[in-house]
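Let me begin by presenting the structure, written as C-alpha coordinates, before commenting on it.
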Amino acid sequence: MPANALPQGVLSVHALPSDHHDGPWDHILVPPGTKERLLSTALLTMRHGQRLATLPGLPHGLVVLAGPPGTGKTTLARGLAQATARALAPHGATTYAEVDPHAFPSEMLGESQRAVTRLMTDTVPELAARRPHTMVLVDEVESLAVRRSAASFETNPVDVHRATDALLAGIDHVAARHPGVLFVTTTNFPEAIDEAFLSRADLVLHVPLPDEETVGAILRASLCELAGVWPGLRPLAEDGALHGKLAARCAGWNGRRVRKLVLAALAQRLDVALDPALLTANDLLAAVEAA
(Lines give C-alpha, C1' and ligand atoms only; values in the text may rest on other atoms or scores of the structure.)
Protein backbone atom coordinates (compact mmCIF):
# COMPACT_ATOMS: atom_id res chain seq x y z
CA MET A 1 0.00 0.00 0.00
CA PRO A 2 1.43 3.46 -0.90
CA ALA A 3 2.65 5.42 2.13
CA ASN A 4 0.31 8.32 1.39
CA ALA A 5 -2.67 5.94 1.52
CA LEU A 6 -1.87 4.65 5.00
CA PRO A 7 -3.85 5.80 8.05
CA GLN A 8 -2.21 8.21 10.49
CA GLY A 9 0.67 6.64 12.34
CA VAL A 10 0.82 3.44 10.27
CA LEU A 11 4.26 3.11 8.67
CA SER A 12 3.63 -0.02 6.61
CA VAL A 13 1.24 -2.92 6.07
CA HIS A 14 2.29 -6.33 4.70
CA ALA A 15 0.67 -9.65 3.90
CA LEU A 16 2.66 -12.53 5.43
CA PRO A 17 4.20 -15.01 5.02
CA SER A 18 6.40 -13.59 2.29
CA ASP A 19 9.86 -14.67 1.17
CA HIS A 20 10.81 -11.00 1.24
CA HIS A 21 10.56 -11.07 5.05
CA ASP A 22 12.75 -14.13 5.63
CA GLY A 23 16.00 -13.62 7.54
CA PRO A 24 15.59 -11.74 10.85
CA TRP A 25 14.21 -14.67 12.85
CA ASP A 26 17.11 -16.94 11.94
CA HIS A 27 19.84 -14.32 12.11
CA ILE A 28 19.04 -12.65 15.44
CA LEU A 29 20.97 -14.23 18.34
CA VAL A 30 19.20 -14.12 21.71
CA PRO A 31 19.32 -16.20 24.93
CA PRO A 32 18.08 -19.81 24.61
CA GLY A 33 14.33 -20.15 24.91
CA THR A 34 13.58 -16.53 23.96
CA LYS A 35 12.32 -17.26 20.46
CA GLU A 36 10.35 -20.31 21.56
CA ARG A 37 8.54 -18.37 24.28
CA LEU A 38 7.74 -15.51 21.93
CA LEU A 39 6.52 -17.75 19.14
CA SER A 40 4.39 -19.83 21.51
CA THR A 41 2.73 -16.70 22.92
CA ALA A 42 2.05 -15.34 19.44
CA LEU A 43 0.60 -18.61 18.15
CA LEU A 44 -1.60 -19.07 21.21
CA THR A 45 -3.10 -15.59 20.90
CA MET A 46 -3.46 -15.42 17.13
CA ARG A 47 -4.74 -18.97 16.68
CA HIS A 48 -6.90 -19.40 19.78
CA GLY A 49 -7.65 -15.85 20.94
CA GLN A 50 -11.34 -16.19 20.11
CA ARG A 51 -11.74 -19.22 22.38
CA LEU A 52 -9.54 -17.84 25.15
CA ALA A 53 -11.61 -14.66 25.23
CA THR A 54 -14.52 -16.62 26.71
CA LEU A 55 -12.44 -17.76 29.68
CA PRO A 56 -11.60 -15.89 32.92
CA GLY A 57 -8.48 -13.76 32.66
CA LEU A 58 -9.06 -12.30 29.22
CA PRO A 59 -5.82 -12.25 27.20
CA HIS A 60 -4.99 -8.74 26.00
CA GLY A 61 -2.95 -9.79 22.96
CA LEU A 62 -0.04 -7.66 24.15
CA VAL A 63 3.68 -8.48 24.26
CA VAL A 64 6.33 -6.07 25.56
CA LEU A 65 9.97 -6.53 24.54
CA ALA A 66 12.14 -4.50 26.91
CA GLY A 67 15.88 -4.01 27.02
CA PRO A 68 18.83 -1.74 26.24
CA PRO A 69 19.20 -0.18 22.78
CA GLY A 70 20.85 -2.35 20.15
CA THR A 71 19.79 -5.71 21.59
CA GLY A 72 17.66 -6.60 18.56
CA LYS A 73 14.14 -6.08 19.92
CA THR A 74 12.73 -4.65 16.70
CA THR A 75 14.49 -7.23 14.55
CA LEU A 76 13.16 -9.95 16.84
CA ALA A 77 9.61 -8.58 16.53
CA ARG A 78 9.80 -8.43 12.74
CA GLY A 79 11.17 -11.94 12.61
CA LEU A 80 8.39 -13.11 14.92
CA ALA A 81 5.79 -11.79 12.48
CA GLN A 82 7.17 -13.89 9.64
CA ALA A 83 7.76 -16.98 11.79
CA THR A 84 4.22 -16.81 13.18
CA ALA A 85 2.72 -16.23 9.74
CA ARG A 86 4.53 -19.28 8.36
CA ALA A 87 3.27 -21.45 11.22
CA LEU A 88 -0.29 -20.18 10.74
CA ALA A 89 -0.25 -20.28 6.93
CA PRO A 90 -2.39 -23.45 6.72
CA HIS A 91 -5.14 -21.49 8.50
CA GLY A 92 -4.86 -18.29 6.45
CA ALA A 93 -2.59 -15.32 5.83
CA THR A 94 -1.43 -12.71 8.35
CA THR A 95 -1.65 -8.93 8.19
CA TYR A 96 1.45 -7.33 9.68
CA ALA A 97 1.50 -3.59 10.38
CA GLU A 98 4.08 -1.26 11.91
CA VAL A 99 2.96 1.81 13.86
CA ASP A 100 5.00 4.96 14.53
CA PRO A 101 4.07 6.18 18.04
CA HIS A 102 5.74 9.54 17.39
CA ALA A 103 3.04 10.36 14.84
CA PHE A 104 0.40 10.81 17.55
CA PRO A 105 1.56 13.45 20.07
CA SER A 106 0.11 16.86 19.25
CA GLU A 107 0.29 20.35 20.70
CA MET A 108 -3.48 20.64 20.29
CA LEU A 109 -5.30 19.73 23.48
CA GLY A 110 -7.11 16.44 23.05
CA GLU A 111 -5.78 15.68 19.56
CA SER A 112 -3.37 12.99 20.78
CA GLN A 113 -6.25 11.25 22.51
CA ARG A 114 -8.42 11.40 19.40
CA ALA A 115 -5.62 10.12 17.16
CA VAL A 116 -4.89 7.15 19.43
CA THR A 117 -8.60 6.37 19.68
CA ARG A 118 -8.88 6.35 15.86
CA LEU A 119 -5.94 3.98 15.66
CA MET A 120 -7.36 1.51 18.14
CA THR A 121 -11.08 1.65 17.30
CA ASP A 122 -10.95 2.26 13.53
CA THR A 123 -7.56 1.47 11.97
CA VAL A 124 -6.62 -1.73 13.82
CA PRO A 125 -10.11 -3.30 13.46
CA GLU A 126 -10.03 -2.45 9.72
CA LEU A 127 -6.66 -4.20 9.41
CA ALA A 128 -7.95 -7.16 11.41
CA ALA A 129 -10.85 -7.58 8.99
CA ARG A 130 -8.52 -8.17 6.04
CA ARG A 131 -7.09 -11.58 6.96
CA PRO A 132 -7.54 -14.30 9.60
CA HIS A 133 -4.51 -13.20 11.64
CA THR A 134 -3.11 -9.78 12.57
CA MET A 135 0.08 -8.59 14.27
CA VAL A 136 0.87 -4.94 14.99
CA LEU A 137 4.37 -3.72 15.94
CA VAL A 138 4.69 -0.55 18.01
CA ASP A 139 8.31 0.50 18.53
CA GLU A 140 9.28 2.77 21.46
CA VAL A 141 5.85 2.31 23.00
CA GLU A 142 6.81 4.52 25.96
CA SER A 143 6.01 7.43 23.64
CA LEU A 144 2.34 6.40 23.75
CA ALA A 145 1.96 4.59 27.07
CA VAL A 146 3.53 7.36 29.15
CA ARG A 147 3.80 6.62 32.84
CA ARG A 148 1.14 8.98 34.12
CA SER A 149 2.42 9.05 37.70
CA ALA A 150 5.64 10.61 36.44
CA ALA A 151 4.20 12.97 33.78
CA SER A 152 5.72 16.43 33.94
CA PHE A 153 3.52 19.48 34.08
CA GLU A 154 5.76 20.99 31.39
CA THR A 155 4.58 18.37 28.88
CA ASN A 156 0.86 19.02 29.28
CA PRO A 157 0.02 16.14 31.67
CA VAL A 158 -3.70 16.44 30.91
CA ASP A 159 -3.11 15.39 27.29
CA VAL A 160 -0.54 12.78 28.33
CA HIS A 161 -3.12 11.22 30.65
CA ARG A 162 -5.80 11.33 27.98
CA ALA A 163 -3.61 9.72 25.32
CA THR A 164 -2.52 6.96 27.69
CA ASP A 165 -6.12 6.44 28.77
CA ALA A 166 -7.12 6.16 25.10
CA LEU A 167 -4.42 3.56 24.46
CA LEU A 168 -5.48 1.47 27.45
CA ALA A 169 -9.14 1.65 26.43
CA GLY A 170 -8.11 0.75 22.88
CA ILE A 171 -6.16 -2.31 24.01
CA ASP A 172 -9.22 -3.46 25.95
CA HIS A 173 -11.49 -2.75 22.97
CA VAL A 174 -9.39 -4.76 20.52
CA ALA A 175 -8.93 -7.63 23.02
CA ALA A 176 -12.71 -7.89 23.50
CA ARG A 177 -13.82 -7.50 19.87
CA HIS A 178 -10.82 -8.78 17.90
CA PRO A 179 -9.15 -11.30 20.25
CA GLY A 180 -6.89 -12.74 17.56
CA VAL A 181 -4.92 -9.50 17.17
CA LEU A 182 -1.45 -9.39 18.74
CA PHE A 183 0.35 -6.16 19.59
CA VAL A 184 4.12 -6.55 19.89
CA THR A 185 5.72 -3.50 21.48
CA THR A 186 9.31 -2.56 22.21
CA THR A 187 10.89 -0.22 24.71
CA ASN A 188 14.34 0.85 25.83
CA PHE A 189 12.85 2.40 28.97
CA PRO A 190 10.30 0.08 30.66
CA GLU A 191 10.39 2.31 33.73
CA ALA A 192 8.83 5.09 31.61
CA ILE A 193 5.79 2.96 30.65
CA ASP A 194 2.50 3.31 32.48
CA GLU A 195 1.96 0.58 35.04
CA ALA A 196 -1.57 -0.14 33.79
CA PHE A 197 -0.21 -0.83 30.29
CA LEU A 198 2.40 -3.27 31.60
CA SER A 199 -0.23 -5.01 33.73
CA ARG A 200 -2.20 -5.77 30.56
CA ALA A 201 0.75 -7.48 28.87
CA ASP A 202 0.43 -11.23 28.41
CA LEU A 203 4.22 -11.38 28.21
CA VAL A 204 6.91 -8.90 29.26
CA LEU A 205 10.17 -10.25 27.89
CA HIS A 206 13.50 -8.68 28.80
CA VAL A 207 16.07 -8.82 26.00
CA PRO A 208 19.44 -8.38 27.72
CA LEU A 209 22.84 -7.35 26.44
CA PRO A 210 24.59 -10.38 24.94
CA ASP A 211 26.87 -12.39 27.20
CA GLU A 212 30.39 -13.32 26.15
CA GLU A 213 29.30 -16.55 24.47
CA THR A 214 26.61 -14.76 22.47
CA VAL A 215 29.03 -12.00 21.46
CA GLY A 216 31.36 -14.69 20.09
CA ALA A 217 28.46 -16.22 18.17
CA ILE A 218 27.53 -12.83 16.70
CA LEU A 219 31.11 -12.26 15.56
CA ARG A 220 31.27 -15.75 14.05
CA ALA A 221 27.98 -15.19 12.21
CA SER A 222 29.14 -11.80 10.89
CA LEU A 223 32.42 -13.23 9.65
CA CYS A 224 30.61 -16.18 8.06
CA GLU A 225 28.44 -13.72 6.15
CA LEU A 226 31.58 -11.95 4.91
CA ALA A 227 33.16 -15.29 3.98
CA GLY A 228 30.13 -15.99 1.84
CA VAL A 229 31.23 -13.07 -0.33
CA TRP A 230 35.01 -13.38 0.12
CA PRO A 231 35.74 -17.11 0.65
CA GLY A 232 39.33 -16.35 1.67
CA LEU A 233 37.96 -15.13 5.01
CA ARG A 234 36.68 -18.60 5.94
CA PRO A 235 39.63 -19.26 8.34
CA LEU A 236 38.71 -16.11 10.31
CA ALA A 237 35.09 -17.20 10.43
CA GLU A 238 36.11 -20.58 11.86
CA ASP A 239 38.70 -19.32 14.38
CA GLY A 240 36.91 -19.94 17.68
CA ALA A 241 39.92 -18.82 19.74
CA LEU A 242 39.89 -15.44 17.96
CA HIS A 243 36.16 -15.05 18.50
CA GLY A 244 36.63 -15.76 22.20
CA LYS A 245 39.45 -13.25 22.51
CA LEU A 246 37.41 -10.57 20.78
CA ALA A 247 34.30 -11.36 22.81
CA ALA A 248 36.22 -10.97 26.07
CA ARG A 249 37.15 -7.43 25.02
CA CYS A 250 33.57 -6.54 24.04
CA ALA A 251 32.04 -6.88 27.50
CA GLY A 252 28.96 -4.68 27.84
CA TRP A 253 28.52 -4.14 24.10
CA ASN A 254 25.12 -4.52 22.48
CA GLY A 255 24.61 -6.75 19.46
CA ARG A 256 24.48 -3.86 17.01
CA ARG A 257 27.84 -2.55 18.21
CA VAL A 258 29.38 -6.03 17.97
CA ARG A 259 28.28 -6.35 14.34
CA LYS A 260 29.66 -2.89 13.60
CA LEU A 261 33.04 -4.09 14.87
CA VAL A 262 33.54 -6.18 11.74
CA LEU A 263 32.74 -3.17 9.57
CA ALA A 264 35.20 -1.05 11.57
CA ALA A 265 37.88 -3.72 11.08
CA LEU A 266 37.38 -3.59 7.31
CA ALA A 267 38.04 0.15 7.44
CA GLN A 268 41.23 -0.10 9.51
CA ARG A 269 43.49 -0.14 6.45
CA LEU A 270 43.02 1.29 2.97
CA ASP A 271 44.07 -1.92 1.22
CA VAL A 272 41.50 -3.91 3.21
CA ALA A 273 38.80 -1.37 2.39
CA LEU A 274 39.64 -1.87 -1.28
CA ASP A 275 39.86 -5.66 -0.94
CA PRO A 276 38.06 -7.06 2.16
CA ALA A 277 39.57 -10.48 1.46
CA LEU A 278 42.77 -9.08 3.05
CA LEU A 279 41.12 -8.75 6.47
CA THR A 280 43.24 -10.25 9.28
CA ALA A 281 42.83 -11.12 12.94
CA ASN A 282 45.05 -8.15 13.79
CA ASP A 283 42.61 -5.83 12.01
CA LEU A 284 39.78 -7.15 14.18
CA LEU A 285 41.82 -6.82 17.36
CA ALA A 286 42.90 -3.31 16.41
CA ALA A 287 39.27 -2.34 15.77
CA VAL A 288 38.35 -3.46 19.31
CA GLU A 289 41.16 -1.43 20.81
CA ALA A 290 40.15 1.64 18.81
CA ALA A 291 36.47 1.38 19.75
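Chain labels run A, B, ... following the order of the C-alpha coordinates; each chain numbers its residues from 1, and ligands are numbered from 1 in the order shown.
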Can you pull out every residue within 12 Å of Ala42 in chain A, counting only C-alpha atoms, but drop anything in the same chain fewer than 3 positions away, and send it as an MDAnalysis selection string? chainID A and resid 35:39 45:49 59:64 77 79:85 87:88 94 133:136 179:184 202:203
Distance query range 190-192 of chain A at most 7 Å, only C-alpha atoms, self and fewer than 2 positions along chain excluded, as a PyMOL selection string: chain A and resi 66+142+146-147+187-188+194
Written selection (all heavy atoms) as an mmCIF file, in the first residue's frame:
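The resulting file, result.cif, is reproduced below:
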```
data_model
loop_
_atom_site.group_PDB
_atom_site.id
_atom_site.type_symbol
_atom_site.label_atom_id
_atom_site.label_comp_id
_atom_site.auth_asym_id
_atom_site.auth_seq_id
_atom_site.Cartn_x
_atom_site.Cartn_y
_atom_site.Cartn_z
ATOM 1 N N ALA A 66 11.434 -5.579 26.222
ATOM 2 C CA ALA A 66 12.141 -4.500 26.907
ATOM 3 C C ALA A 66 13.625 -4.823 27.003
ATOM 4 O O ALA A 66 14.012 -5.980 27.177
ATOM 5 C CB ALA A 66 11.565 -4.298 28.310
ATOM 6 N N GLU A 142 6.858 3.555 24.856
ATOM 7 C CA GLU A 142 6.809 4.517 25.960
ATOM 8 C C GLU A 142 6.386 5.905 25.494
ATOM 9 O O GLU A 142 5.963 6.742 26.296
ATOM 10 C CB GLU A 142 8.165 4.587 26.682
ATOM 11 C CG GLU A 142 9.311 5.199 25.900
ATOM 12 C CD GLU A 142 10.036 4.206 25.013
ATOM 13 O OE1 GLU A 142 9.602 3.032 24.938
ATOM 14 O OE2 GLU A 142 11.045 4.591 24.405
ATOM 15 N N VAL A 146 2.718 6.591 28.209
ATOM 16 C CA VAL A 146 3.532 7.360 29.150
ATOM 17 C C VAL A 146 3.107 7.061 30.585
ATOM 18 O O VAL A 146 1.908 7.012 30.896
ATOM 19 C CB VAL A 146 3.393 8.869 28.867
ATOM 20 C CG1 VAL A 146 4.173 9.688 29.891
ATOM 21 C CG2 VAL A 146 3.859 9.177 27.454
ATOM 22 N N ARG A 147 4.077 6.882 31.427
ATOM 23 C CA ARG A 147 3.797 6.623 32.845
ATOM 24 C C ARG A 147 3.173 7.863 33.468
ATOM 25 O O ARG A 147 3.838 8.867 33.725
ATOM 26 C CB ARG A 147 5.085 6.248 33.574
ATOM 27 C CG ARG A 147 4.873 5.775 34.996
ATOM 28 C CD ARG A 147 6.179 5.359 35.621
ATOM 29 N NE ARG A 147 5.986 4.876 36.978
ATOM 30 C CZ ARG A 147 6.981 4.493 37.768
ATOM 31 N NH1 ARG A 147 8.227 4.523 37.323
ATOM 32 N NH2 ARG A 147 6.728 4.081 38.996
ATOM 33 N N THR A 187 10.519 -1.390 23.925
ATOM 34 C CA THR A 187 10.891 -0.220 24.714
ATOM 35 C C THR A 187 12.323 -0.344 25.215
ATOM 36 O O THR A 187 12.760 -1.436 25.603
ATOM 37 C CB THR A 187 9.951 -0.008 25.913
ATOM 38 O OG1 THR A 187 10.369 1.153 26.643
ATOM 39 C CG2 THR A 187 9.958 -1.206 26.859
ATOM 40 N N ASN A 188 13.028 0.777 25.193
ATOM 41 C CA ASN A 188 14.343 0.855 25.826
ATOM 42 C C ASN A 188 14.221 1.296 27.276
ATOM 43 O O ASN A 188 15.186 1.209 28.038
ATOM 44 C CB ASN A 188 15.236 1.865 25.088
ATOM 45 C CG ASN A 188 15.508 1.474 23.650
ATOM 46 O OD1 ASN A 188 15.537 0.301 23.303
ATOM 47 N ND2 ASN A 188 15.701 2.465 22.791
ATOM 48 N N ASP A 194 3.560 3.305 31.479
ATOM 49 C CA ASP A 194 2.503 3.311 32.475
ATOM 50 C C ASP A 194 2.286 1.912 33.049
ATOM 51 O O ASP A 194 2.262 0.918 32.316
ATOM 52 C CB ASP A 194 1.202 3.831 31.855
ATOM 53 C CG ASP A 194 0.171 4.142 32.910
ATOM 54 O OD1 ASP A 194 0.279 5.202 33.545
ATOM 55 O OD2 ASP A 194 -0.749 3.318 33.098
#
```
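Ranking A:Ser149, A:Ala247, A:Pro231, A:Ala169 by their shortest atom-to-atom distance to Glu195 in chain A, with only C-alpha atoms included, puts A:Ser149 first.
Take the candidates A:Arg249, A:Gly240, A:Thr214, A:Gln268 and check each one against Glu289 in chain A using only C-alpha atoms; the shortest distance goes to A:Arg249.
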Could you tell me, as JSON, numbers by chain, which residues of range 27-166 of chain A DSSP assigns to alpha helix (DSSP H) when given the backbone? {"A": [27, 34, 35, 36, 37, 38, 39, 40, 41, 42, 43, 44, 45, 46, 47, 48, 49, 50, 51, 52, 73, 74, 75, 76, 77, 78, 79, 80, 81, 82, 83, 84, 85, 86, 87, 88, 111, 112, 113, 114, 115, 116, 117, 118, 124, 125, 126, 127, 128, 157, 158, 159, 160, 161, 162, 163, 164, 165, 166]}
